[in-house]
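For reference, my_file.cif (mmCIF, C-alpha atoms):
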```
data_my_file
loop_
_atom_site.label_atom_id
_atom_site.label_comp_id
_atom_site.auth_asym_id
_atom_site.auth_seq_id
_atom_site.Cartn_x
_atom_site.Cartn_y
_atom_site.Cartn_z
CA MET F 1 85.00 106.18 95.11
CA ASP F 2 88.22 104.19 95.37
CA ARG F 3 90.01 101.43 93.47
CA LYS F 4 88.18 98.63 95.31
CA TRP F 5 84.82 100.17 94.43
CA ILE F 6 85.76 100.35 90.75
CA GLU F 7 87.16 96.82 90.78
CA LYS F 8 83.97 95.44 92.35
CA HIS F 9 81.68 97.06 89.79
CA ILE F 10 83.80 96.41 86.72
CA GLU F 11 84.27 92.73 87.63
CA GLY F 12 80.55 92.39 88.33
CA TRP F 13 79.52 93.78 84.96
CA THR F 14 82.16 91.69 83.18
CA GLN F 15 80.72 88.50 84.65
CA LEU F 16 77.23 89.49 83.50
CA TYR F 17 78.41 90.42 80.01
CA GLN F 18 80.26 87.12 79.66
CA SER F 19 76.87 85.38 79.61
CA MET F 20 76.46 86.98 76.17
CA ASP F 21 80.06 87.41 75.05
CA GLU F 22 82.67 84.92 76.24
CA GLN F 23 85.41 87.36 75.17
CA ALA F 24 84.07 90.18 77.37
CA GLY F 25 86.77 91.50 79.65
CA PHE F 26 88.05 94.40 81.66
CA ARG F 27 91.36 96.09 82.39
CA LEU F 28 92.32 97.84 85.62
CA ASP F 29 95.97 98.87 85.54
CA THR F 30 98.17 100.00 88.41
CA CYS F 31 98.30 103.66 89.39
CA ALA F 32 100.29 106.07 87.23
CA SER F 33 103.54 107.68 88.36
CA GLU F 34 104.26 111.40 88.38
CA GLY F 35 106.67 110.80 85.52
CA ALA F 36 103.94 109.13 83.45
CA LEU F 37 101.62 112.07 84.10
CA ARG F 38 104.25 114.59 83.05
CA LYS F 39 104.84 112.64 79.85
CA THR F 40 101.09 112.52 79.19
CA GLU F 41 100.80 116.28 79.68
CA SER F 42 103.73 116.84 77.34
CA LEU F 43 102.28 114.66 74.60
CA ALA F 44 98.75 116.01 75.04
CA GLY F 45 100.00 119.61 75.14
CA CYS F 46 98.05 120.61 78.26
CA SER F 47 98.07 120.50 82.06
CA LEU F 48 95.75 117.90 83.55
CA PRO F 49 93.19 119.17 86.12
CA ASN F 50 93.55 117.99 89.71
CA ASP F 51 90.60 115.61 89.48
CA LEU F 52 92.11 113.76 86.55
CA ARG F 53 95.60 113.71 88.02
CA GLU F 54 94.31 112.29 91.30
CA PHE F 55 92.35 109.60 89.48
CA PHE F 56 95.40 108.36 87.58
CA LEU F 57 97.69 108.68 90.63
CA ARG F 58 95.40 107.13 93.26
CA ILE F 59 93.11 104.74 91.38
CA SER F 60 94.37 103.49 88.01
CA SER F 61 96.23 104.57 84.88
CA CYS F 62 93.69 102.69 82.73
CA VAL F 63 90.11 101.53 83.31
CA GLU F 64 88.61 99.59 80.42
CA LEU F 65 85.61 97.34 79.81
CA LYS F 66 84.63 95.78 76.49
CA ALA F 67 81.83 93.39 75.51
CA ARG F 68 79.99 92.57 72.31
CA ILE F 69 76.38 92.26 73.51
CA GLN F 70 74.22 94.20 71.05
CA THR F 71 73.06 91.17 69.07
CA SER F 72 71.98 89.45 72.31
CA LEU F 73 70.01 92.39 73.72
CA PRO F 74 66.21 92.54 73.38
CA ALA F 75 64.86 95.00 70.80
CA SER F 76 64.02 97.60 73.44
CA LEU F 77 67.68 97.76 74.54
CA LYS F 78 69.42 97.63 71.15
CA ILE F 79 70.05 101.37 71.37
CA VAL F 80 72.62 100.72 74.12
CA GLY F 81 74.85 98.87 71.65
CA ASP F 82 78.12 97.18 72.52
CA ILE F 83 80.19 98.05 75.58
CA ASP F 84 83.43 99.87 74.74
CA PHE F 85 84.61 102.15 77.53
CA ARG F 86 88.15 103.24 78.38
CA LEU F 87 89.67 106.02 80.45
CA SER F 88 93.47 105.93 80.21
CA LEU F 89 96.59 108.05 79.88
CA PHE F 90 96.89 107.19 76.20
CA GLY F 91 93.20 107.90 75.71
CA VAL F 92 93.65 111.38 77.15
CA ILE F 93 96.50 112.09 74.71
CA GLN F 94 94.40 110.82 71.81
CA ALA F 95 91.25 112.71 72.79
CA GLU F 96 92.98 116.00 73.65
CA ARG F 97 94.94 116.06 70.41
CA PHE F 98 91.71 115.47 68.47
CA ARG F 99 89.85 118.16 70.45
CA ASN F 100 92.66 120.65 69.89
CA GLU F 101 92.67 119.90 66.18
CA GLN F 102 88.91 120.43 65.98
CA GLU F 103 89.19 123.73 67.85
CA LYS F 104 91.77 125.01 65.37
CA GLN F 105 89.95 123.78 62.27
CA THR F 106 86.35 124.70 63.11
CA LYS F 107 86.93 127.77 65.33
CA GLN F 108 83.80 126.69 67.21
CA ALA F 109 83.50 127.86 70.82
CA VAL F 110 82.20 124.41 71.84
CA TRP F 111 85.77 123.02 71.65
CA HIS F 112 87.32 125.86 73.66
CA ASN F 113 88.48 125.70 77.30
CA LYS F 114 88.12 121.92 77.50
CA ILE F 115 90.41 118.91 77.87
CA GLY F 116 89.57 115.77 75.95
CA ILE F 117 89.71 112.57 77.99
CA ILE F 118 87.90 109.98 75.81
CA LEU F 119 87.64 109.77 72.02
CA THR F 120 84.59 107.64 71.21
CA PRO F 121 84.47 105.12 68.32
CA THR F 122 82.33 107.64 66.38
CA HIS F 123 84.95 110.39 66.89
CA ASP F 124 82.94 112.37 69.37
CA VAL F 125 84.77 113.61 72.45
CA ILE F 126 84.10 113.26 76.17
CA ALA F 127 85.92 116.18 77.79
CA LEU F 128 86.47 118.05 81.03
CA ASP F 129 84.90 121.49 80.73
CA LYS F 130 86.82 124.14 82.67
CA ASN F 131 83.96 126.60 82.10
CA TYR F 132 82.17 124.82 84.97
CA HIS F 133 85.13 124.84 87.37
CA GLN F 134 88.86 125.23 86.82
CA THR F 135 90.05 122.62 89.34
CA HIS F 136 86.94 120.38 89.37
CA PRO F 137 85.63 120.67 85.80
CA GLY F 138 82.38 119.13 84.66
CA VAL F 139 82.31 116.24 82.19
CA VAL F 140 80.70 116.94 78.82
CA PHE F 141 80.05 115.15 75.54
CA ILE F 142 80.89 117.07 72.35
CA ASP F 143 79.05 115.83 69.28
CA LYS F 144 81.44 116.33 66.35
CA ALA F 145 78.71 116.16 63.70
CA THR F 146 76.36 118.76 65.21
CA GLY F 147 78.73 120.78 67.38
CA LYS F 148 76.42 120.32 70.37
CA CYS F 149 77.72 119.95 73.91
CA TYR F 150 75.93 117.86 76.55
CA LEU F 151 76.61 117.88 80.29
CA LEU F 152 77.22 114.32 81.52
CA ALA F 153 78.25 114.87 85.15
CA LYS F 154 79.27 117.69 87.50
CA ASP F 155 82.80 116.28 87.92
CA LEU F 156 85.02 113.33 86.96
CA ILE F 157 84.32 111.24 90.07
CA SER F 158 80.56 111.55 89.60
CA PHE F 159 80.96 110.62 85.94
CA MET F 160 82.93 107.44 86.73
CA GLU F 161 80.48 106.42 89.45
CA ILE F 162 77.52 106.82 87.10
CA ILE F 163 79.22 105.10 84.16
CA LEU F 164 80.19 102.05 86.19
CA TYR F 165 76.80 101.97 87.88
CA ILE F 166 74.92 101.79 84.58
CA GLY F 167 77.33 99.28 83.00
CA ALA F 168 80.05 101.31 81.24
CA TRP F 169 77.90 102.17 78.23
CA ASN F 170 79.48 103.50 75.07
CA LEU F 171 77.84 106.94 75.11
CA LYS F 172 76.38 108.30 71.88
CA GLU F 173 74.13 111.20 70.93
CA GLU F 174 71.01 109.09 70.27
CA LEU F 175 71.03 107.91 73.90
CA PHE F 176 71.01 111.36 75.45
CA GLN F 177 67.31 112.06 74.88
CA THR F 178 66.49 109.32 77.41
CA LEU F 179 69.62 109.47 79.60
CA LEU F 180 70.11 113.16 80.35
CA ASP F 181 68.39 115.69 82.54
CA SER F 182 69.52 119.14 83.72
CA ASN F 183 72.17 117.57 85.99
CA GLY F 184 73.63 115.20 83.41
CA ILE F 185 73.20 111.43 83.14
CA ASN F 186 70.25 110.26 85.22
CA PRO F 187 71.11 106.76 86.53
CA ASP F 188 67.47 106.25 87.58
CA CYS F 189 65.92 106.81 84.16
CA ALA F 190 63.65 104.17 82.62
CA LEU F 191 66.23 102.89 80.11
CA VAL F 192 68.88 102.33 82.78
CA ASN F 193 66.38 100.56 85.04
CA GLN F 194 65.28 98.32 82.17
CA PHE F 195 68.89 97.48 81.33
CA TYR F 196 69.72 96.76 84.96
CA THR F 197 66.64 94.56 85.41
CA PHE F 198 67.46 92.59 82.28
CA PHE F 199 70.95 91.75 83.48
CA MET F 200 69.83 90.96 87.01
CA GLU F 201 67.54 88.36 85.44
CA GLN F 202 70.56 87.01 83.57
CA LYS F 203 72.43 86.82 86.87
CA THR F 204 69.78 84.58 88.42
CA ILE F 205 70.27 82.10 85.58
CA MET F 206 74.09 82.00 85.75
CA PRO F 207 74.49 80.38 89.22
CA GLN F 208 72.19 77.51 88.17
CA THR F 209 74.38 76.83 85.17
CA ASN F 210 77.53 76.90 87.29
CA GLN F 211 75.95 74.58 89.81
CA THR F 212 75.05 72.08 87.07
CA ASP F 213 78.61 72.18 85.79
CA LYS F 214 80.00 71.51 89.24
CA LYS F 215 77.70 68.52 89.74
CA SER F 216 78.76 67.16 86.39
CA ASN F 217 82.42 67.48 87.37
CA LYS F 218 81.77 65.65 90.62
CA ASN F 219 80.23 62.75 88.69
CA ILE F 220 83.09 62.50 86.23
CA SER F 221 86.11 62.86 88.50
CA PRO F 222 85.43 59.88 90.83
CA PHE F 223 84.80 57.65 87.80
CA MET F 224 88.11 58.67 86.29
CA MET F 225 89.85 58.01 89.60
CA LEU F 226 88.35 54.50 89.88
CA CYS F 227 89.47 53.69 86.36
CA MET F 228 93.00 54.85 87.09
CA VAL F 229 93.16 52.87 90.35
CA PHE F 230 91.98 49.70 88.59
CA ILE F 231 94.45 50.10 85.72
CA PHE F 232 97.49 51.01 87.78
CA CYS F 233 96.90 48.74 90.80
CA PHE F 234 95.41 45.61 89.20
CA LEU F 235 95.35 45.35 85.44
CA ILE F 236 98.85 46.54 84.55
CA PRO F 237 100.65 44.62 87.33
CA TYR F 238 98.73 41.44 86.39
CA VAL F 239 99.66 41.72 82.71
CA TYR F 240 103.25 42.55 83.60
CA ILE F 241 103.61 39.50 85.86
CA GLN F 242 102.08 37.14 83.30
CA MET F 243 104.38 38.39 80.57
CA ALA F 244 107.42 38.12 82.85
CA LYS F 245 106.69 34.43 83.48
CA TYR F 246 106.80 33.38 79.84
CA TYR F 247 108.55 36.14 77.93
CA ASP F 248 111.56 37.56 79.74
CA HIS F 249 112.57 39.46 76.63
CA MET F 250 109.19 41.20 76.66
CA LEU F 251 109.82 42.94 80.00
CA LEU F 252 111.22 45.99 78.27
CA TYR F 253 108.10 46.33 76.09
CA ALA F 254 105.84 45.84 79.09
CA SER F 255 107.64 48.57 80.98
CA ALA F 256 107.26 50.89 78.02
CA ILE F 257 103.52 50.19 77.81
CA PHE F 258 103.18 50.78 81.53
CA ALA F 259 104.95 54.13 81.28
CA ILE F 260 102.82 55.25 78.30
CA VAL F 261 99.54 54.34 80.01
CA PHE F 262 100.73 56.00 83.21
CA PHE F 263 101.49 59.29 81.49
CA ILE F 264 98.23 59.21 79.53
CA GLY F 265 96.39 58.79 82.83
CA LEU F 266 98.26 61.70 84.36
CA ILE F 267 97.41 63.95 81.40
CA MET F 268 93.73 63.01 81.56
CA ALA F 269 93.63 63.65 85.30
CA TRP F 270 95.35 67.02 84.84
CA LYS F 271 92.88 68.09 82.15
CA GLU F 272 89.95 67.02 84.29
CA ASN F 273 91.28 68.97 87.25
CA SER F 274 91.87 72.07 85.10
CA HIS F 275 88.33 71.85 83.76
CA SER F 276 86.92 71.68 87.29
CA ILE F 277 88.93 74.73 88.39
CA SER F 278 87.86 76.83 85.39
CA LYS F 279 84.23 76.19 86.20
#
```
Transcribe the structure of this file into structure tokens.
Amino acid sequence: MDRKWIEKHIEGWTQLYQSMDEQAGFRLDTCASEGALRKTESLAGCSLPNDLREFFLRISSCVELKARIQTSLPASLKIVGDIDFRLSLFGVIQAERFRNEQEKQTKQAVWHNKIGIILTPTHDVIALDKNYHQTHPGVVFIDKATGKCYLLAKDLISFMEIILYIGAWNLKEELFQTLLDSNGINPDCALVNQFYTFFMEQKTIMPQTNQTDKKSNKNISPFMMLCMVFIFCFLIPYVYIQMAKYYDHMLLYASAIFAIVFFIGLIMAWKENSHSISK
């Protein structure tokens, strides 16, 4: 996995989600510096494992994807909910501080020997579990309410690959019964396949819509151009000449009218061109 791979998948899902939520968007920041990592470790109160450090140094300091799609999903996929995923330096500080606080307050072993990397909207924690491996820890989900711990992936890279493959779901405990097996998240489970199929069907509809929009733009733009040519090359000069013959004192007003119409035409042409580009 590299930055281009992440960019390809996160952009692809964003385009699909925008068919349901126009505000859907992603964030892929530049790579972090060593100084930024040291500051993160200082604020989080821990040393980051090699896997996490390499991710922030070589790929991105923040990967984020958000979309409000739950109300548009069919009933069988409502359990997936909205998309709200982020792995970032600030997120690590936030999640690790919360995990550390829970470890001190509850004294539960489930919080021990882990490093929080994502604090979910429901205040559960996705963490790196050093019990699996010190330098390449596994990724686990700690359910705050029940104190249960679920293995999500054998390491951070595998976790990111799976998450972006399935669509950057906002993980929650009620999903795990269908998502997880003994090795963590199963990207080939029935729910993931159903979700993927649904959005591939959406994708086949989107190009037709874009094509219709482009045809519409092609019909409008030439008409606008003909109107502008007629006004600027024939109508305005004719009116100007006729007024100049009989009303010399009206030349100033005619010039003003010409300038106003000219600028209105330019604005309309600019808006039409911008509309065509956005499509």
Next on the checklist: Once the PyMOL selection byres ((chain F and resi 117) around 10) is applied to the coordinates I shared, what remains selected? I want it as a VMD selection string.
Outcome noted: chain F and resid 48 52 86 to 97 99 114 to 116 118 to 120 125 to 128 139
Checklist entry - Of the residues F:Pro74, F:Gly45, F:Gly184, F:Gly81, which is the one nearest to Cys149 (chain F), using all atoms listed in the file? => result F:Gly184
Checklist entry - Counting all atoms listed in the file, what is within 8 Å of region 189-199 of chain F, bar same-chain residues fewer than 4 positions away, as a list in words? => result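 Returned residues: Leu16, Leu77, Ile166, Thr178, Leu179 and Lys203 of chain F.
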Checklist entry - What does the PyMOL selection byres ((chain F and resi 20) around 8) select in this file, as a ChimeraX atom specification? => result /F:16-19,21-22,68-69,72
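Nearest to Pro187 (chain F) of all the residues F:Ile79, F:Leu164, F:Ile10, F:Ile264 is F:Leu164, based on all atoms listed in the file.
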Quick one: residues within 7 Å of region 167-173 of chain F, only C-alpha atoms, excluding same-chain residues fewer than 6 positions away - as a PDB file with C-alpha atoms, keeping the file's coordinate frame?
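out.pdb was written with the following content:
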```pdb
ATOM      1  CA  TRP F  13      79.520  93.780  84.960  1.00  0.00           C
ATOM      2  CA  LEU F  65      85.610  97.340  79.810  1.00  0.00           C
ATOM      3  CA  VAL F  80      72.620 100.720  74.120  1.00  0.00           C
ATOM      4  CA  ASP F  82      78.120  97.180  72.520  1.00  0.00           C
ATOM      5  CA  ILE F  83      80.190  98.050  75.580  1.00  0.00           C
ATOM      6  CA  ASP F  84      83.430  99.870  74.740  1.00  0.00           C
ATOM      7  CA  PHE F  85      84.610 102.150  77.530  1.00  0.00           C
ATOM      8  CA  ASP F 143      79.050 115.830  69.280  1.00  0.00           C
TER       9      ASP F 143
END
```
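CA of Ala145 (chain F) to CA of Ser42 (chain F) spans 28.5 Å [interatomic distance, one decimal].
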Checklist entry - Interatomic distance between CA of Gln102 (chain F) and CA of Lys148 (chain F)? => result 13.2 Å
Next on the checklist: Just to confirm, what's the straight-line distance from CA of Asp124 (chain F) to CA of Lys144 (chain F) in Å (one decimal)?
Outcome noted: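 Distance reported for this atom pair: 5.2 Å.
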Checklist entry - Quick one: which residues end up in the PyMOL selection byres ((chain F and resi 150) around 6) for this structure, as a list in words? => result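 Taken over the shown coordinates, the PyMOL selection byres ((chain F and resi 150) around 6) returns Val140, Phe141, Cys149 and Leu151 of chain F.
Omitting Leu156 (chain F) and its sequence neighbours fewer than 3 positions away, and counting all atoms listed in the file, the residues within 7 Å are Asp51, Gly138, Val139, Phe159 and Met160 of chain F.
Ranking F:Ile185, F:Ala24, F:Thr135, F:Ile163 by their shortest atom-to-atom distance to Ser47 (chain F), with only C-alpha atoms included, puts F:Thr135 first.
Proximity ranking of F:Ser60, F:Gln15, F:Met1, F:Thr146 relative to Leu28 (chain F) places F:Ser60 first, based on all atoms listed in the file.
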Next on the checklist: Please determine, counting only C-alpha atoms, which residue among F:Lys66, F:Arg53, F:Lys130, F:Lys104 has the shortest atom-to-atom distance to Thr40 (chain F).
Outcome noted: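 Distance minimum relative to Thr40 (chain F) lands on F:Arg53.
Between Arg27 (chain F) and the candidates F:Gln202, F:Thr14, F:Gln108, F:Asn183, the tightest atom-to-atom separation, counting all atoms listed in the file, involves F:Thr14.
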